[in-house]
Every structure is written in C-alpha cells, then in structure tokens.
file run.csv (CSV, N, CA and C atoms)
chain,number,residue,atom,x,y,z
O,2,MET,N,1.4,-2.4,15.4
O,2,MET,CA,2.0,-1.8,14.3
O,2,MET,C,3.5,-1.8,14.4
O,3,GLU,N,4.2,-2.0,13.3
O,3,GLU,CA,5.6,-2.1,13.2
O,3,GLU,C,6.2,-0.7,13.6
O,4,ASN,N,7.3,-0.8,14.3
O,4,ASN,CA,7.9,0.5,14.8
O,4,ASN,C,8.8,1.1,13.7
O,5,ASP,N,9.2,0.3,12.7
O,5,ASP,CA,10.1,0.9,11.6
O,5,ASP,C,9.3,1.5,10.5
O,6,ILE,N,8.0,1.6,10.6
O,6,ILE,CA,7.2,2.2,9.6
O,6,ILE,C,7.4,3.7,9.6
O,7,GLN,N,7.5,4.2,8.4
O,7,GLN,CA,7.6,5.7,8.2
O,7,GLN,C,6.3,6.2,7.8
O,8,TYR,N,5.8,7.1,8.6
O,8,TYR,CA,4.4,7.6,8.4
O,8,TYR,C,4.3,9.1,8.4
O,9,VAL,N,3.3,9.6,7.7
O,9,VAL,CA,2.9,10.9,7.7
O,9,VAL,C,1.5,11.0,8.5
O,10,ALA,N,1.4,11.9,9.4
O,10,ALA,CA,0.1,12.1,10.1
O,10,ALA,C,-0.7,13.2,9.5
O,11,TYR,N,-2.0,12.9,9.3
O,11,TYR,CA,-2.9,13.9,8.8
O,11,TYR,C,-4.0,14.1,9.9
O,12,LEU,N,-4.1,15.3,10.4
O,12,LEU,CA,-5.0,15.6,11.5
O,12,LEU,C,-6.0,16.7,10.9
O,13,ARG,N,-7.3,16.5,11.2
O,13,ARG,CA,-8.2,17.5,10.7
O,13,ARG,C,-9.3,17.7,11.8
O,14,VAL,N,-9.6,19.0,11.9
O,14,VAL,CA,-10.7,19.5,12.7
O,14,VAL,C,-11.6,20.3,11.8
O,15,SER,N,-12.9,20.3,11.9
O,15,SER,CA,-13.8,21.0,11.1
O,15,SER,C,-13.8,22.5,11.4
O,16,THR,N,-13.7,22.8,12.6
O,16,THR,CA,-13.7,24.2,13.1
O,16,THR,C,-12.7,24.4,14.2
O,17,GLN,N,-12.4,25.7,14.4
O,17,GLN,CA,-11.5,26.0,15.5
O,17,GLN,C,-12.1,25.5,16.8
O,18,LYS,N,-13.4,25.7,17.0
O,18,LYS,CA,-14.1,25.2,18.2
O,18,LYS,C,-13.9,23.7,18.4
O,19,GLN,N,-14.0,22.9,17.3
O,19,GLN,CA,-13.7,21.5,17.5
O,19,GLN,C,-12.3,21.2,17.9
O,20,GLY,N,-11.4,22.1,17.5
O,20,GLY,CA,-10.0,21.9,17.9
O,20,GLY,C,-9.8,21.8,19.4
O,21,TYR,N,-10.7,22.3,20.2
O,21,TYR,CA,-10.6,22.3,21.6
O,21,TYR,C,-11.5,21.2,22.2
O,22,SER,N,-12.2,20.4,21.4
O,22,SER,CA,-13.0,19.3,21.9
O,22,SER,C,-12.2,18.0,22.0
O,23,GLY,N,-12.8,16.9,22.3
O,23,GLY,CA,-12.2,15.6,22.4
O,23,GLY,C,-11.5,15.2,21.1
O,24,LEU,N,-11.9,15.7,20.0
O,24,LEU,CA,-11.3,15.4,18.7
O,24,LEU,C,-10.3,16.4,18.3
O,25,GLY,N,-9.9,17.2,19.2
O,25,GLY,CA,-8.9,18.2,18.8
O,25,GLY,C,-7.6,17.7,18.3
O,26,VAL,N,-6.8,18.6,17.8
O,26,VAL,CA,-5.6,18.3,17.2
O,26,VAL,C,-4.6,17.5,18.2
O,27,GLU,N,-4.5,18.1,19.4
O,27,GLU,CA,-3.6,17.5,20.4
O,27,GLU,C,-4.1,16.1,20.7
O,28,ALA,N,-5.4,15.9,20.8
O,28,ALA,CA,-5.9,14.5,21.2
O,28,ALA,C,-5.6,13.6,20.0
O,29,GLN,N,-5.7,14.0,18.8
O,29,GLN,CA,-5.4,13.2,17.6
O,29,GLN,C,-4.0,12.8,17.6
O,30,GLN,N,-3.1,13.8,17.8
O,30,GLN,CA,-1.7,13.6,17.8
O,30,GLN,C,-1.3,12.5,18.8
O,31,GLN,N,-1.8,12.7,20.0
O,31,GLN,CA,-1.4,11.8,21.1
O,31,GLN,C,-1.9,10.4,20.9
O,32,LEU,N,-3.1,10.2,20.4
O,32,LEU,CA,-3.7,8.9,20.1
O,32,LEU,C,-2.8,8.2,19.0
O,33,ILE,N,-2.5,8.9,18.0
O,33,ILE,CA,-1.7,8.3,16.9
O,33,ILE,C,-0.3,7.9,17.4
O,34,ARG,N,0.4,8.8,18.2
O,34,ARG,CA,1.7,8.5,18.7
O,34,ARG,C,1.7,7.3,19.7
O,35,ASN,N,0.6,7.3,20.5
O,35,ASN,CA,0.5,6.1,21.4
O,35,ASN,C,0.3,4.8,20.6
O,36,TYR,N,-0.4,4.9,19.5
O,36,TYR,CA,-0.7,3.7,18.7
O,36,TYR,C,0.6,3.2,18.1
O,37,LEU,N,1.5,4.1,17.7
O,37,LEU,CA,2.8,3.8,17.1
O,37,LEU,C,3.9,3.8,18.2
O,38,SER,N,3.6,3.5,19.4
O,38,SER,CA,4.6,3.4,20.5
O,38,SER,C,5.5,4.6,20.6
O,39,GLY,N,4.9,5.8,20.5
O,39,GLY,CA,5.7,7.1,20.6
O,39,GLY,C,6.4,7.5,19.4
O,40,LYS,N,6.4,6.7,18.3
O,40,LYS,CA,7.1,7.1,17.1
O,40,LYS,C,6.6,8.4,16.5
O,41,ILE,N,7.5,9.3,16.2
O,41,ILE,CA,7.1,10.6,15.7
O,41,ILE,C,6.9,10.5,14.1
O,42,PRO,N,5.9,11.2,13.6
O,42,PRO,CA,5.8,11.1,12.1
O,42,PRO,C,6.9,11.8,11.4
O,43,ILE,N,7.2,11.4,10.2
O,43,ILE,CA,8.2,12.1,9.4
O,43,ILE,C,7.7,13.5,8.9
O,44,ALA,N,6.4,13.6,8.9
O,44,ALA,CA,5.7,14.9,8.5
O,44,ALA,C,4.3,14.8,9.1
O,45,GLU,N,3.8,16.0,9.4
O,45,GLU,CA,2.5,16.1,10.0
O,45,GLU,C,1.7,17.3,9.4
O,46,TYR,N,0.5,17.0,9.0
O,46,TYR,CA,-0.3,18.1,8.4
O,46,TYR,C,-1.6,18.2,9.1
O,47,ILE,N,-1.9,19.5,9.5
O,47,ILE,CA,-3.0,19.8,10.3
O,47,ILE,C,-4.0,20.7,9.5
O,48,GLU,N,-5.2,20.2,9.3
O,48,GLU,CA,-6.2,20.9,8.5
O,48,GLU,C,-7.3,21.4,9.4
O,49,VAL,N,-7.7,22.6,9.2
O,49,VAL,CA,-8.9,23.2,9.9
O,49,VAL,C,-9.8,23.5,8.8
O,50,GLU,N,-10.6,22.5,8.3
O,50,GLU,CA,-11.5,22.6,7.2
O,50,GLU,C,-12.6,21.6,7.4
O,51,SER,N,-13.7,21.9,6.8
O,51,SER,CA,-14.8,21.0,6.8
O,51,SER,C,-14.5,19.8,5.9
O,52,GLY,N,-14.8,18.6,6.4
O,52,GLY,CA,-14.6,17.4,5.6
O,52,GLY,C,-15.5,17.3,4.4
O,53,ARG,N,-16.5,18.1,4.3
O,53,ARG,CA,-17.4,18.2,3.2
O,53,ARG,C,-16.8,18.9,2.0
O,54,LYS,N,-15.8,19.6,2.2
O,54,LYS,CA,-15.2,20.4,1.1
O,54,LYS,C,-14.5,19.5,0.1
O,55,THR,N,-14.4,20.0,-1.1
O,55,THR,CA,-13.8,19.2,-2.1
O,55,THR,C,-12.2,19.3,-2.0
O,56,ASP,N,-11.6,18.7,-2.9
O,56,ASP,CA,-10.1,18.7,-3.0
O,56,ASP,C,-9.6,20.1,-2.9
O,57,LYS,N,-10.2,21.1,-3.5
O,57,LYS,CA,-9.7,22.5,-3.5
O,57,LYS,C,-9.8,23.1,-2.1
O,58,GLY,N,-10.7,22.6,-1.2
O,58,GLY,CA,-10.8,23.1,0.1
O,58,GLY,C,-10.0,22.4,1.1
O,59,ARG,N,-9.1,21.5,0.7
O,59,ARG,CA,-8.3,20.7,1.6
O,59,ARG,C,-6.8,20.9,1.3
O,60,PRO,N,-6.3,22.1,1.5
O,60,PRO,CA,-4.9,22.4,1.1
O,60,PRO,C,-3.8,21.5,1.8
O,61,LYS,N,-4.1,21.2,3.1
O,61,LYS,CA,-3.1,20.4,3.9
O,61,LYS,C,-3.1,19.0,3.4
O,62,LEU,N,-4.2,18.4,3.0
O,62,LEU,CA,-4.2,17.1,2.4
O,62,LEU,C,-3.4,17.1,1.1
O,63,LYS,N,-3.6,18.1,0.3
O,63,LYS,CA,-2.8,18.2,-0.9
O,63,LYS,C,-1.4,18.3,-0.6
O,64,GLU,N,-1.0,19.1,0.4
O,64,GLU,CA,0.4,19.2,0.8
O,64,GLU,C,1.0,17.8,1.2
O,65,ALA,N,0.2,17.1,2.0
O,65,ALA,CA,0.6,15.7,2.4
O,65,ALA,C,0.8,14.8,1.2
O,66,TYR,N,-0.1,14.9,0.2
O,66,TYR,CA,0.1,14.1,-1.0
O,66,TYR,C,1.4,14.5,-1.7
O,67,GLU,N,1.6,15.8,-1.8
O,67,GLU,CA,2.8,16.3,-2.5
O,67,GLU,C,4.1,15.9,-1.8
O,68,TYR,N,4.1,15.9,-0.4
O,68,TYR,CA,5.2,15.4,0.3
O,68,TYR,C,5.5,13.9,0.0
O,69,CYS,N,4.4,13.1,0.0
O,69,CYS,CA,4.6,11.7,-0.3
O,69,CYS,C,5.1,11.5,-1.7
O,70,ARG,N,4.6,12.4,-2.6
O,70,ARG,CA,5.1,12.3,-4.0
O,70,ARG,C,6.6,12.6,-4.1
O,71,LYS,N,7.0,13.7,-3.5
O,71,LYS,CA,8.4,14.1,-3.5
O,71,LYS,C,9.3,13.1,-2.8
O,72,HIS,N,8.8,12.4,-1.8
O,72,HIS,CA,9.5,11.4,-1.0
O,72,HIS,C,9.1,10.0,-1.3
O,73,LYS,N,8.7,9.7,-2.6
O,73,LYS,CA,8.3,8.4,-3.0
O,73,LYS,C,9.3,7.3,-2.6
O,74,GLY,N,8.7,6.3,-1.9
O,74,GLY,CA,9.6,5.2,-1.5
O,74,GLY,C,10.1,5.4,0.0
O,75,GLU,N,9.9,6.6,0.5
O,75,GLU,CA,10.3,6.8,1.9
O,75,GLU,C,9.1,6.8,2.9
O,76,VAL,N,7.9,6.9,2.4
O,76,VAL,CA,6.7,7.0,3.2
O,76,VAL,C,5.9,5.7,3.0
O,77,ASP,N,5.6,5.1,4.1
O,77,ASP,CA,4.8,3.8,4.1
O,77,ASP,C,3.3,4.1,4.3
O,78,LEU,N,3.0,5.1,5.1
O,78,LEU,CA,1.6,5.2,5.5
O,78,LEU,C,1.2,6.6,5.8
O,79,LEU,N,0.0,7.0,5.3
O,79,LEU,CA,-0.6,8.3,5.8
O,79,LEU,C,-1.7,7.8,6.8
O,80,LEU,N,-1.5,8.3,8.0
O,80,LEU,CA,-2.3,7.8,9.1
O,80,LEU,C,-3.1,9.0,9.7
O,81,PHE,N,-4.4,8.7,10.0
O,81,PHE,CA,-5.3,9.6,10.6
O,81,PHE,C,-6.1,8.9,11.7
O,82,LEU,N,-6.7,9.7,12.5
O,82,LEU,CA,-7.5,9.0,13.6
O,82,LEU,C,-8.7,8.2,13.2
O,83,ARG,N,-9.5,8.8,12.4
O,83,ARG,CA,-10.8,8.2,12.0
O,83,ARG,C,-11.0,8.5,10.5
O,84,TRP,N,-11.8,7.7,9.9
O,84,TRP,CA,-12.1,8.0,8.5
O,84,TRP,C,-12.9,9.3,8.3
O,85,ASP,N,-13.7,9.7,9.3
O,85,ASP,CA,-14.4,10.9,9.1
O,85,ASP,C,-13.5,12.1,9.3
O,86,ARG,N,-12.3,11.9,9.8
O,86,ARG,CA,-11.3,13.0,9.8
O,86,ARG,C,-10.6,13.1,8.5
O,87,PHE,N,-10.6,12.0,7.7
O,87,PHE,CA,-10.0,12.0,6.4
O,87,PHE,C,-11.0,12.5,5.3
O,88,ALA,N,-12.2,11.9,5.3
O,88,ALA,CA,-13.2,12.2,4.2
O,88,ALA,C,-14.6,12.0,4.7
O,89,ARG,N,-15.5,12.7,4.1
O,89,ARG,CA,-16.9,12.6,4.4
O,89,ARG,C,-17.7,12.0,3.2
O,90,HIS,N,-17.0,12.0,2.1
O,90,HIS,CA,-17.6,11.4,0.9
O,90,HIS,C,-16.7,10.2,0.4
O,91,VAL,N,-17.4,9.2,0.1
O,91,VAL,CA,-16.7,7.9,-0.3
O,91,VAL,C,-15.9,8.1,-1.6
O,92,GLY,N,-16.5,8.9,-2.5
O,92,GLY,CA,-15.8,9.1,-3.8
O,92,GLY,C,-14.4,9.8,-3.6
O,93,PHE,N,-14.4,10.8,-2.7
O,93,PHE,CA,-13.2,11.5,-2.3
O,93,PHE,C,-12.2,10.5,-1.7
O,94,ALA,N,-12.7,9.7,-0.8
O,94,ALA,CA,-11.8,8.7,-0.1
O,94,ALA,C,-11.2,7.7,-1.2
O,95,PHE,N,-12.0,7.2,-2.1
O,95,PHE,CA,-11.6,6.3,-3.1
O,95,PHE,C,-10.5,7.0,-4.0
O,96,ASP,N,-10.8,8.2,-4.4
O,96,ASP,CA,-9.8,8.9,-5.3
O,96,ASP,C,-8.5,9.1,-4.6
O,97,TYR,N,-8.5,9.5,-3.3
O,97,TYR,CA,-7.2,9.7,-2.7
O,97,TYR,C,-6.5,8.4,-2.3
O,98,LYS,N,-7.3,7.4,-2.0
O,98,LYS,CA,-6.7,6.1,-1.8
O,98,LYS,C,-5.9,5.7,-3.0
O,99,GLU,N,-6.5,5.8,-4.2
O,99,GLU,CA,-5.8,5.5,-5.4
O,99,GLU,C,-4.6,6.3,-5.7
O,100,LYS,N,-4.7,7.6,-5.4
O,100,LYS,CA,-3.6,8.5,-5.6
O,100,LYS,C,-2.4,8.2,-4.7
O,101,PHE,N,-2.7,7.9,-3.4
O,101,PHE,CA,-1.6,7.6,-2.5
O,101,PHE,C,-1.1,6.2,-2.8
O,102,GLU,N,-1.9,5.3,-3.2
O,102,GLU,CA,-1.5,3.9,-3.5
O,102,GLU,C,-0.6,3.9,-4.7
O,103,ALA,N,-0.8,4.8,-5.7
O,103,ALA,CA,0.1,4.9,-6.8
O,103,ALA,C,1.5,5.3,-6.4
O,104,LEU,N,1.6,5.9,-5.2
O,104,LEU,CA,2.9,6.3,-4.7
O,104,LEU,C,3.5,5.3,-3.8
O,105,GLY,N,2.8,4.2,-3.5
O,105,GLY,CA,3.2,3.1,-2.6
O,105,GLY,C,2.9,3.5,-1.2
O,106,VAL,N,2.0,4.4,-0.9
O,106,VAL,CA,1.6,4.8,0.4
O,106,VAL,C,0.2,4.3,0.7
O,107,GLU,N,0.1,3.6,1.8
O,107,GLU,CA,-1.2,3.2,2.3
O,107,GLU,C,-1.8,4.3,3.1
O,108,ILE,N,-3.1,4.5,2.9
O,108,ILE,CA,-3.8,5.5,3.8
O,108,ILE,C,-4.7,4.6,4.7
O,109,ASN,N,-4.7,5.0,6.0
O,109,ASN,CA,-5.5,4.2,6.9
O,109,ASN,C,-5.8,5.0,8.2
O,110,SER,N,-6.8,4.5,8.9
O,110,SER,CA,-7.3,5.1,10.1
O,110,SER,C,-6.9,4.3,11.3
O,111,LEU,N,-6.6,5.0,12.4
O,111,LEU,CA,-6.2,4.3,13.6
O,111,LEU,C,-7.4,3.6,14.2
O,112,GLU,N,-8.6,4.2,14.3
O,112,GLU,CA,-9.7,3.6,15.0
O,112,GLU,C,-10.5,2.6,14.2
O,113,SER,N,-10.5,2.7,12.9
O,113,SER,CA,-11.2,1.8,12.0
O,113,SER,C,-10.3,1.3,10.9
O,114,HIS,N,-9.3,0.7,11.2
O,114,HIS,CA,-8.2,0.2,10.3
O,114,HIS,C,-8.9,-0.7,9.3
O,115,ILE,N,-8.6,-0.5,8.0
O,115,ILE,CA,-9.1,-1.4,6.9
O,115,ILE,C,-8.0,-2.2,6.3
O,116,ASP,N,-8.2,-3.5,6.2
O,116,ASP,CA,-7.3,-4.4,5.5
O,116,ASP,C,-7.5,-4.3,4.0
O,117,PHE,N,-6.7,-3.5,3.3
O,117,PHE,CA,-6.9,-3.3,1.9
O,117,PHE,C,-6.5,-4.5,1.0
O,118,THR,N,-6.0,-5.6,1.7
O,118,THR,CA,-5.7,-6.8,0.9
O,118,THR,C,-6.9,-7.7,0.8
O,119,GLY,N,-7.9,-7.5,1.6
O,119,GLY,CA,-9.1,-8.3,1.6
O,119,GLY,C,-10.1,-7.9,0.6
O,120,THR,N,-11.2,-8.6,0.5
O,120,THR,CA,-12.2,-8.3,-0.6
O,120,THR,C,-13.2,-7.3,-0.1
O,121,GLU,N,-13.4,-7.1,1.2
O,121,GLU,CA,-14.4,-6.3,1.7
O,121,GLU,C,-14.1,-4.8,2.0
O,122,TRP,N,-12.9,-4.4,1.6
O,122,TRP,CA,-12.4,-3.1,1.9
O,122,TRP,C,-13.3,-2.0,1.3
O,123,ALA,N,-13.8,-2.2,0.1
O,123,ALA,CA,-14.6,-1.1,-0.5
O,123,ALA,C,-15.9,-0.9,0.3
O,124,THR,N,-16.5,-2.0,0.8
O,124,THR,CA,-17.7,-1.9,1.6
O,124,THR,C,-17.4,-1.1,2.9
O,125,LEU,N,-16.3,-1.5,3.5
O,125,LEU,CA,-16.0,-0.9,4.8
O,125,LEU,C,-15.7,0.6,4.6
O,126,LEU,N,-14.9,0.9,3.5
O,126,LEU,CA,-14.7,2.3,3.3
O,126,LEU,C,-15.9,3.1,3.0
O,127,SER,N,-16.9,2.5,2.3
O,127,SER,CA,-18.2,3.2,2.1
O,127,SER,C,-18.9,3.4,3.4
O,128,LEU,N,-18.8,2.5,4.3
O,128,LEU,CA,-19.5,2.6,5.6
O,128,LEU,C,-18.9,3.7,6.5
O,129,TYR,N,-17.6,3.8,6.5
O,129,TYR,CA,-16.8,4.7,7.4
O,129,TYR,C,-16.9,6.1,6.9
O,130,CYS,N,-17.0,6.3,5.6
O,130,CYS,CA,-17.1,7.7,5.0
O,130,CYS,C,-18.5,8.1,4.9

call {"tool": "encode", "arguments": {"input": "run.csv", "output": "structure tokens"}}
result
Amino acid sequence: MENDIQYVAYLRVSTQKQGYSGLGVEAQQQLIRNYLSGKIPIAEYIEVESGRKTDKGRPKLKEAYEYCRKHKGEVDLLLFLRWDRFARHVGFAFDYKEKFEALGVEINSLESHIDFTGTEWATLLSLYC
C-alpha cells in the first residue's frame, strides 16, 4: 500500500466484551497501522455497535462519512480490518460503497481487499458481508 495515501480508519466491535478479544479495537488499530507501515490515520472512528444495526444504529460510521464529505478530496480511503467489521448486510455495504465513492473515497478491508476496478467485486462483496 502506498505510504502517501490519506486514510480514515473505521474500527468496530459488536460488544464491550468483544473489545477485549482478538478482534478488539487495539488489535484492529495495530493491524491497520502495520499494513500501512506505521502511517497514522487522519481520522479514526471507533464503533461499539452490532453490525446488524441499520444506518441509524451506526453513529460513528455516519461521522466517518461526514468527515469525508467535509474533507472531500483530502481522503483517499476508509479502511477497516474485515468486511464483517464494516457491514453484515450486503445492501448496507453497497449503499455505503456508493456514498463514499461519490466523495472519491474508496472503502476497503485490510484482510479481504477487493479490487473495485474488476468485474467480480460485487460477488466478492456479497460473499464477505
């Protein structure tokens, strides 16, 4: 991954208990920073909510979107550890992909990176969510 990329990190745990497991916030932060050779995100949003909740139940994701909207052209990527940390419903993932894409921001996962320039991205997104 290019080191000049400007990214926003989105970290989510479903419960406080999960926050202390191997998928905890600290583990997600460290894995993302290691992936980007220690580069610090320009913003970071931590959500403690079920991935099954709708848009209304994900205030930190909405804040991340608003940050990208206000800083349009300054953010290249919304990065998260895994697709299940971002969304549990494919429709939700598709909707937010389009919203962020309209701002010029790619959304993607560290562990299951999708090449959105290819033709199979919709199938992969469906599988991961």

call {"tool": "residues_around", "arguments": {"input": "run.csv", "residues": "O:Leu111", "least_positions_apart": "2", "cutoff": "6 Å", "atoms": "only N, CA and C atoms", "output": "number ranges by chain"}}
result
O: 80-83, 109, 113-114

call {"tool": "atom_distance", "arguments": {"input": "run.csv", "atom1": "atom C of O:Leu104", "atom2": "atom C of O:Leu32"}}
result
23.8 Å

call {"tool": "select_by_dssp", "arguments": {"input": "run.csv", "residues": "chain O", "states": "helix (DSSP H, G or I)", "output": "JSON, numbers by chain"}}
result
{"O": [19, 20, 21, 26, 27, 28, 29, 30, 31, 32, 33, 34, 35, 36, 56, 57, 58, 60, 61, 62, 63, 64, 65, 66, 67, 68, 69, 70, 71, 84, 85, 86, 87, 91, 92, 93, 94, 95, 96, 97, 98, 99, 100, 101, 102, 103, 122, 123, 124, 125, 126, 127, 128, 129]}

call {"tool": "atom_distance", "arguments": {"input": "run.csv", "atom1": "atom CA of O:Tyr68", "atom2": "atom CA of O:Arg13"}}
result
17.1 Å

call {"tool": "atom_distance", "arguments": {"input": "run.csv", "atom1": "atom CA of O:Leu78", "atom2": "atom CA of O:Ala28"}}
result
19.7 Å

call {"tool": "residues_around", "arguments": {"input": "run.csv", "residues": "O:Val106", "least_positions_apart": "6", "cutoff": "6 Å", "atoms": "all atoms listed in the file", "output": "NGL selection string"}}
result
:O and (76-79)

call {"tool": "residues_around", "arguments": {"input": "run.csv", "residues": "O:Gln29", "least_positions_apart": "3", "cutoff": "12 Å", "atoms": "only C-alpha atoms", "output": "number ranges by chain"}}
result
O: 10-14, 19-26, 32-36, 45-48, 80-83, 86, 110-112

call {"tool": "select_by_dssp", "arguments": {"input": "run.csv", "residues": "chain O", "states": "strand (DSSP E)", "output": "PyMOL selection string"}}
result
chain O and resi 8-14+44-49+78-81+107-110
